[in-house]
Structure formats: structure tokens, C-alpha cells
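A.B. asks: Below is one structure. I have some questions about it.
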Amino acid sequence: MAGGYDGLHDMTAILFGTTVANVKGEKPIIDTEFTRKVKSDLIVAKEESANRGLYQAYNWCADLALCVKDVPLQEEPQLPHLRQQLGDEADEFDRARGLFKCKDYFRAAYYSEHLKKPLSRFLHLYSRYCAYEQKINNDRMDSITLLPKNSPGPHLYEIAYKLGPAYFRVTNKENYPETTRGIIGIGDYEYKTKLTKQRRNSQGSSNTGRNPNISVTNNSSRNSHHNPGIRKLRRRIDDHIYDEHIVDGNDLDDLDIAHLGEDIDGIDIEDTTEMDDGAGRFRLDSSNIPAEVVVANLEEEDVACGYDGYLMYLYGTVLKQLGRRKQALEVLCWSIHMQPLNWAAWAELAELIVKRSTLEQLDLPDVWQRGVFLCQVFVELNLDADCLAACEKLMTQGLQGSTYLRTQRALALRNLRELDLAIAEFEGIEKSDPFRVESVDVYSNLLYVKERRVHLANLAAKMVQVAKYSVETCCVVGNYLSLRGEHEKAVVYFQRSLKLNPKFVSAYTLMGYEYMEMKNTIQAIQCYRNALKINRRDYRAWFGLGQTYEVLRLLNYSLFYFKQAQRLHPYDSRMITALGEAFEKKDMWLEAKKCYVKAHSVGDVEGTALLKLAKLYHRLAESERAADAYDRYLLETAGEESDDQEERGRANMYLAEFMLSHAEFDQAEEYAKRCIGCAETQESGKSLLKEISHKRNLAEANPAMALKEEPRATLVGNRARSSDDNPPQLPPPPLRNYAAQSP
């Protein structure tokens, strides 16, 4: 098999020579009711996805099917033949499906236009959807096109107008759903927030019989939009994020940033472009026909569309692209209840869940697909420990060979900053599936951070051979060029990836980093804003905006953006440390101390939180706390080959002077000797040793003149010496003889 790849690049010949037989190991067959149910459902799901052209869902099913391929079934699932489902429409459907497979979408829609069966109607509408999406993508790549770049196509309104009345007729008739079971919580879980209380108080007087946990977009359920303070704050934030010019000195004042800090708690960091039409239901803007009349005049074939899970999935996808996110949530939940085997609906629903409260309020069927769905959602919501536990549970139940689950594990490990483990997981995926393109850009980001130049070069060369014109390959090559210092060329590749997929958020953030390296702050800000237009929960874009405004010395803006990044990624020490630095520059000492202490407590990745805390104490003349923080910094970095020897030298110098001021001559001498090992503090250390020797002789000659020894204070003690009412606390360090430690 390896001989078939001899014509490829020499650097990747070994990787491409990997065969399935080389990586396939003997795995025990887990024959349980769960694995048999999974295999039976996947057989049906693959057939239905293939008939409708949902090839991404088909590939996902095929990936999981390999994990349970050896599980015996007592009875094969019955798959009805297409002619039994379609009757006289079978031949025309086959003609349209063949054209769809050849990506001739307009012709496929033409041949299936007059068909009435739900399966045929889905193929027709989905062909129209794919045809116009392909045309819009081509127009975006055409630099001379006169069409609007970001406006929704007319096909979205057409599909919504055809499927919307059927959905509302069916859901009103069935009164669905009546109860909710929740996902994480037990029973009817109610998320406690101010907006939820206001929304429930407004809905208490009028009970429509619909799911209280899935809000319909009407005026009574959107009280936050009627709050003038919040609405004004939304406009201020959006105007600032999407403005075109950056003016130095046009910073927010202290009152403005305080106002933002108070009111931002009532605002969701999600897409706020959803329109209110007063009726809470989608209605074509150009139509004057009331929705009730349209629903009343539906034919039997149209009503049947409301019970078809795949057509409702398409309707939910269209609503999402039109900005009707809350209504899309409701429709996709209905679609999943009608057809839980459609993984495409689960994937679309995962993209709409931007906060944990939304996840906990959804009502989803209790099927095995929900566990796999939660693995993806947990990663997006930064519930990484829950994601690892969910993946481990599914693997032990019989899905241990799934590439999809292994990818989710790698993403969760990346979020937890376990970079070596994440890279090892991606390397295992690469060995088992060397031609895989999905998520390879994340793998290249990890190699870039760890500065593994050779591995990144091999990966870039391989991906160019596999899929040269894919967005992931462009990002991989861009990361490699950035690691080599060729930032201009890296920007070109990131721009190329955006031409292929204008909604690829990672390319915008990576390009923003490159512009920052090129000292082009204006372009960097624009890239980060474009990323936030697509995904308001991208913490990297918020963090990049904070860094950029920090360079421009717009401190209040940088503080605001760092706050948003930290809220989205609350346990990342880099975000907390950057927030502490922003507070320190604003002379907000207590907040800065709390940030540094928290960054150290959650696990300081960069190892600078204690050092910054010690410098802040030194700056505020809190000498005892500064000495304690410096001492802990030296303790935690002892034995490490740190590149920052100058900081260690300064810490030893400060501790030597502190011990000398408290007449601790032995420890002061030991710290001073360590200063000699650093080039920057070498001369100061020698001078300090002479001063220590002189004061020691004076103390021995005249004990009455010796300095009075004071007890050593820690961060948790001697509060009278601090100006803080509630100083941050660190756990006490282990007892040790500091002077006996080697430098």
C-alpha cells in the first residue's frame, strides 16, 4: 500500500505510507445493549443521510460505525426501499439525486421542483439552498462583483416561507413540548438570573402551553430590549466594536468603564442581530398575507412537512442564517425530537448554544446521540473536565476508536493548557487517519506554541499534498511561516483561507496576531472585530483586542476587553494575569492583587503571577508581603532552567536587603551570594556582601546597637501593614530553610 504514495513529497512519504494494518490493534468486542443500539441506529442514519445528500452527517455516522463494526446484531434493521417511499416519484428523485451528487445543484432543484413527498421536497429545497450558497461564496471571491457581500440570499426567505407555516401548524396542534427534563440538572431546571426572573414574571400571567424553557421571540419574553439602560449600553459596545477608526486619546473615562462594569452582567455575549417582528414568528417581509391565513390554507402534503425531522432541520438552519437564533433553537429541538438520528441537526444546534443556561434549559430526547452532542458543546462552553468525562464514558461503552471523540478530547486538553497531552492525542489521530484535514489547524497552533519547527514543517508539507486549497491547510502553512518570522507571507495565506471560507474565525484571530507582530494595530483591530462578528464567544479575539488597545494606551478599553476574555475563559491564568496588569496600570491595586493571586491559584501557566504580585507589593512599600511573594516565587522556580535569570537575581537581591534590614545576616549573605550568579546583579551582590559583613561586625562588637528582629509576616498575616481592607490570601508555604537551598 505504501508504494502507491511514492510520487508524493519525500518529507511526507513515511507518513503517507502508514496503512490501516499498521495502526489497527486487537480491541475487545463490547457486546452490550448500548453498542447494538448504536450499530442499528447508525445503519439507518447512514442510509437516510445518503439519500438526502447530508454527507457530513454520513461521514460522522461512518466514523462511529467503525467502532461497533464487530458487534453482532440479532436482527438487521429494516430499510425500506426508495420506490416504496416515493412511488411514482422514484425515477425523478434518482435523476435529481444524481445531479446533486455531481454538485449540479440548480439542475437538481429543477428536476425535483414538482415532487410532493417529504423526501423529494427536502432534496429540492436543500438543492436550492446549496446552489445559492455556492453562488454567494463564488461572489465573495469575485473582487468586482456588485452584489452585497454579507446580505442573506433570497433562497433563505423562500425556504422559510415554505416551511414556516407547516411548522407552526404542527406545533400548535401538538402543543409541543409540554414539559422539560433538562440536560445537566435534574427535573425542571430553572436558571437563576435577573433576566430570567423578569421574563418569567412577564409570562406568568399568560400561559400559552408551550415550553417555558424555550423562549419564543415575542415582545413579552424579551424584557431586556425594553430596558433603555441595557439597550443604550448594547449600542455603545457594538458601536465601539464595529467602528472604522481608532483615535488615540479617545479613551473611556473612569465613569464610563464603571458603568460598563455594572451593566454588562445583564447582557449575553452572543449574537444580538436577531430581529423582532412583534408576532414572534417568521414572516416574509415582502408579503402582506397574514401568517394565520397561510397556516389555515395549507394542503395535506404541506402539513406533513412539519412532521419531517429533516425538513425541520433545514428550516432551523435557515432561521439561524437569518439571525433568528432563539427561534432556530426551538425548531431544531423539534427536528431532533422528530428524527434523533439526524446528526446534522445536532451539529447545528451545538453552534447555537453559547451559554450554559441555554444548554440546561433545552429539552432533548434521551438518546445516545445526546451524549456525543454534549462532548462538542462542553468544549465550546469551556466545560473541559465534563467533556473529558463524557468522552471517557462513551469510549468505555464501546466507542473507543472514534476519531470524533478523540478530537474532542484533544480540544478539551488544549483548553486546559495540557498542550503536550493534546499534541499526543493529535499525533495518535494522525497515525490512525493520516489524510484527515478536520481540526488540523488546531494541531498546527499547538505545534506553533510549543515551537516544534520540524513537526510543523512536516505537517505543512503533508497538508499541501493532501488538500492544498482548504482553509485548514492555509492556516497550517501560515503558522509555519509565522514561526519562521515571515509575517507578511503568513498574512497572505490567512487571507487565502478567508477567501475559501469567509466565516472561518480562527483565520481572523491568527491574522490579527500577525498584524500585531508587524506593528499594524489598526488592521489587527479590524481582524479581531471581524472574528467577533462571526463568533462573539471567541475569547482569543477579545483578548487580542485587549492587547491591541493596551499597546495604543487606551487603558479603559483594554480593561473592558480583558474582562470579556476572562469571563469567557475564567480559569485561564493568562487572561487573569493580563486583567491584573490592566488593573495595575489603572492604579486599582486591590483588584490587581486579587487577579494575581487567582492566577496563581488556578495554575499559573507562564509562571509570572507571583513575580508580578511581588513587584506590586514592592511598589506599594508592603515590604513583608513582597518578600514573602518573592520567596515563594524562588521556591516554585527552584531547579527549573528558567530563561528569566535576571528576575531571579532581582528577587534574591530584594530578599537579601530585606533580611539585612531585619538583622538576619546569615540568610542575607546567602541571598547576596546568589545574586553574584546573575550578570545584572553581580556587582550589587558584591557590594551588598561587604555591607552585610560590616553590619555584622558592628552588631557583634556592640550587641545593644543591633537591629531589633521583627517577626516575619506572610500574605495572610500582619494586616495592619496593608492598606487593603480585604487583602488577597495565599496558602502558607511549606516550612524550609531558605538559606540552605542552592541557587
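Residues are named by chain letter and number: chains run A, B, ... in the order of the C-alpha cells, numbers start at 1 in each chain, and ligands are numbered from 1 in the order shown.
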Contacts of stretch 645-658 of chain A at 7 Å or less, counting only C-alpha atoms, minus same-chain residues fewer than 6 places along, as a PyMOL selection string?
C.D. replies: chain A and resi 627+630+634+668-669+671-672+674-675+678+680-681
A.B. asks: Write to file, as a CSV table (one decimal), in the first residue's frame, the residues of the selection just made, with all heavy atoms.
C.D. replies:
```
chain,number,residue,atom,x,y,z
A,627,ALA,N,8.4,40.4,50.2
A,627,ALA,CA,9.4,39.4,50.5
A,627,ALA,C,8.9,38.0,50.5
A,627,ALA,O,9.5,37.1,50.0
A,627,ALA,CB,10.1,39.7,51.8
A,630,TYR,N,8.2,37.1,46.8
A,630,TYR,CA,9.5,36.8,46.1
A,630,TYR,C,10.0,35.4,46.6
A,630,TYR,O,10.5,34.6,45.8
A,630,TYR,CB,10.5,37.8,46.4
A,630,TYR,CG,10.4,39.0,45.5
A,630,TYR,CD1,10.3,40.3,46.0
A,630,TYR,CD2,10.5,38.9,44.1
A,630,TYR,CE1,10.3,41.4,45.2
A,630,TYR,CE2,10.5,39.9,43.3
A,630,TYR,CZ,10.4,41.2,43.8
A,630,TYR,OH,10.3,42.3,43.0
A,634,LEU,N,10.8,32.1,44.2
A,634,LEU,CA,12.0,31.4,44.1
A,634,LEU,C,11.9,29.9,44.5
A,634,LEU,O,12.5,29.0,43.9
A,634,LEU,CB,13.1,32.0,45.0
A,634,LEU,CG,13.5,33.4,44.7
A,634,LEU,CD1,14.5,34.0,45.7
A,634,LEU,CD2,14.2,33.4,43.3
A,668,ALA,N,20.7,36.8,54.7
A,668,ALA,CA,21.0,37.9,53.8
A,668,ALA,C,22.3,37.6,53.0
A,668,ALA,O,22.4,37.9,51.8
A,668,ALA,CB,21.2,39.2,54.6
A,669,GLU,N,23.3,37.0,53.7
A,669,GLU,CA,24.5,36.7,53.0
A,669,GLU,C,24.3,35.6,51.9
A,669,GLU,O,24.9,35.7,50.8
A,669,GLU,CB,25.6,36.2,54.0
A,669,GLU,CG,26.9,35.9,53.4
A,669,GLU,CD,27.9,35.5,54.5
A,669,GLU,OE1,27.5,35.3,55.6
A,669,GLU,OE2,29.1,35.3,54.1
A,671,TYR,N,21.5,35.0,50.3
A,671,TYR,CA,20.8,35.6,49.1
A,671,TYR,C,21.7,36.4,48.3
A,671,TYR,O,21.6,36.5,47.1
A,671,TYR,CB,19.6,36.4,49.6
A,671,TYR,CG,18.4,35.5,50.0
A,671,TYR,CD1,17.9,35.6,51.3
A,671,TYR,CD2,17.8,34.7,49.1
A,671,TYR,CE1,16.8,34.8,51.7
A,671,TYR,CE2,16.7,33.9,49.5
A,671,TYR,CZ,16.2,34.0,50.8
A,671,TYR,OH,15.1,33.2,51.1
A,672,ALA,N,22.6,37.2,49.0
A,672,ALA,CA,23.5,38.0,48.3
A,672,ALA,C,24.5,37.2,47.4
A,672,ALA,O,24.9,37.6,46.3
A,672,ALA,CB,24.3,38.9,49.3
A,674,ARG,N,23.8,34.4,46.0
A,674,ARG,CA,23.1,34.0,44.8
A,674,ARG,C,23.0,35.1,43.8
A,674,ARG,O,22.9,34.9,42.6
A,674,ARG,CB,21.7,33.6,45.2
A,674,ARG,CG,21.6,32.4,46.1
A,674,ARG,CD,20.2,32.1,46.4
A,674,ARG,NE,20.1,31.0,47.4
A,674,ARG,CZ,18.9,30.6,47.9
A,674,ARG,NH1,17.8,31.1,47.5
A,674,ARG,NH2,18.9,29.6,48.8
A,675,CYS,N,23.0,36.4,44.2
A,675,CYS,CA,23.0,37.5,43.3
A,675,CYS,C,24.2,37.5,42.4
A,675,CYS,O,24.2,38.0,41.3
A,675,CYS,CB,22.8,38.8,44.0
A,675,CYS,SG,21.3,39.0,45.0
A,678,CYS,N,24.1,36.0,38.9
A,678,CYS,CA,23.4,36.7,37.8
A,678,CYS,C,24.2,37.9,37.3
A,678,CYS,O,24.8,38.7,38.1
A,678,CYS,CB,22.0,37.2,38.3
A,678,CYS,SG,21.0,38.1,37.0
A,680,GLU,N,23.4,40.7,35.9
A,680,GLU,CA,22.8,42.0,36.2
A,680,GLU,C,23.0,42.4,37.6
A,680,GLU,O,23.2,43.6,37.9
A,680,GLU,CB,21.3,42.0,35.8
A,680,GLU,CG,20.7,43.4,36.0
A,680,GLU,CD,19.2,43.4,35.6
A,680,GLU,OE1,18.8,42.3,35.1
A,680,GLU,OE2,18.6,44.4,35.7
A,681,THR,N,22.9,41.5,38.5
A,681,THR,CA,23.0,41.8,40.0
A,681,THR,C,24.4,41.4,40.5
A,681,THR,O,24.5,41.4,41.8
A,681,THR,CB,21.9,41.1,40.7
A,681,THR,OG1,22.0,39.7,40.5
A,681,THR,CG2,20.5,41.6,40.2
```
A.B. asks: Any idea what the distance is between atom CA of A:Gly53 and atom CA of A:Cys130?
C.D. replies: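 Between atom CA of A:Gly53 and atom CA of A:Cys130 the gap works out to 10.4 Å.
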A.B. asks: Quick one: distance from atom CA of A:Asn137 to atom CA of A:Lys103 in Å, one decimal?
C.D. replies: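 Between atom CA of A:Asn137 and atom CA of A:Lys103 the gap is 14.2 Å.
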A.B. asks: Which one of A:Gly87, A:Pro165, A:Gly401, A:Gly309 sits closest to A:Lys117 if you count only C-alpha atoms?
C.D. replies: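 Of A:Gly87, A:Pro165, A:Gly401, A:Gly309, the one nearest A:Lys117, counting only C-alpha atoms, is A:Gly87.
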A.B. asks: Do a neighbour search on A:Gln495 at 10 Å with only C-alpha atoms, toss out local chain neighbours closer than 2 positions, and write the hits as a list in words.
C.D. replies: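 In the requested form, the answer reads Val471, Cys474, Cys475, Gly478, Lys489, Ala490, Val491, Val492, Tyr493, Ser497, Leu498, Lys499, Leu500, Asn501, Pro502, Ala507, Tyr508 and Met511 of chain A.
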A.B. asks: Need the shell around A:Glu514: protein/DNA/RNA residues with any atom at most 7 Å away, counting only C-alpha atoms. Skip same-chain ones fewer than 4 positions apart. Format as a JSON list (two decimals) with N, CA and C atoms, in the first residue's frame?
C.D. replies:
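Output file out.json is given in full below:
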```json
[["chain", "number", "residue", "atom", "x", "y", "z"],
["A", 487, "HIS", "N", 6.10, 37.14, 8.49],
["A", 487, "HIS", "CA", 4.73, 37.50, 8.86],
["A", 487, "HIS", "C", 3.92, 37.99, 7.65],
["A", 491, "VAL", "N", 0.32, 36.34, 6.48],
["A", 491, "VAL", "CA", -0.94, 37.07, 6.29],
["A", 491, "VAL", "C", -1.57, 36.71, 4.96],
["A", 510, "LEU", "N", -5.78, 34.56, 13.95],
["A", 510, "LEU", "CA", -4.37, 34.35, 13.63],
["A", 510, "LEU", "C", -3.81, 35.50, 12.80],
["A", 518, "MET", "N", 3.59, 42.78, 13.10],
["A", 518, "MET", "CA", 4.03, 43.76, 12.10],
["A", 518, "MET", "C", 3.79, 45.20, 12.57]]
```
A.B. asks: Neighbouring residues of A:Pro77 were defined as those with any atom within 12 Å, considering only C-alpha atoms; residues of the same chain fewer than 6 positions away were excluded. Please report them as a short mmCIF file (atom, residue, chain, number, x, y, z; two decimals) with C-alpha atoms, in the first residue's frame.
C.D. replies:
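Writing the result to result15.cif gives the following:
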```cif
data_model
loop_
_atom_site.label_atom_id
_atom_site.label_comp_id
_atom_site.auth_asym_id
_atom_site.auth_seq_id
_atom_site.Cartn_x
_atom_site.Cartn_y
_atom_site.Cartn_z
CA ARG A 36 -26.14 -2.94 19.50
CA LYS A 37 -28.46 0.06 19.63
CA VAL A 38 -25.70 2.33 18.29
CA LYS A 39 -24.93 -0.01 15.39
CA SER A 40 -28.57 -0.42 14.46
CA ASP A 41 -29.21 3.32 14.55
CA LEU A 42 -26.08 4.12 12.54
CA ILE A 43 -27.10 1.74 9.76
CA VAL A 44 -30.42 3.57 9.41
CA ALA A 45 -28.84 7.02 9.81
CA GLU A 47 -28.92 5.34 4.64
#
```
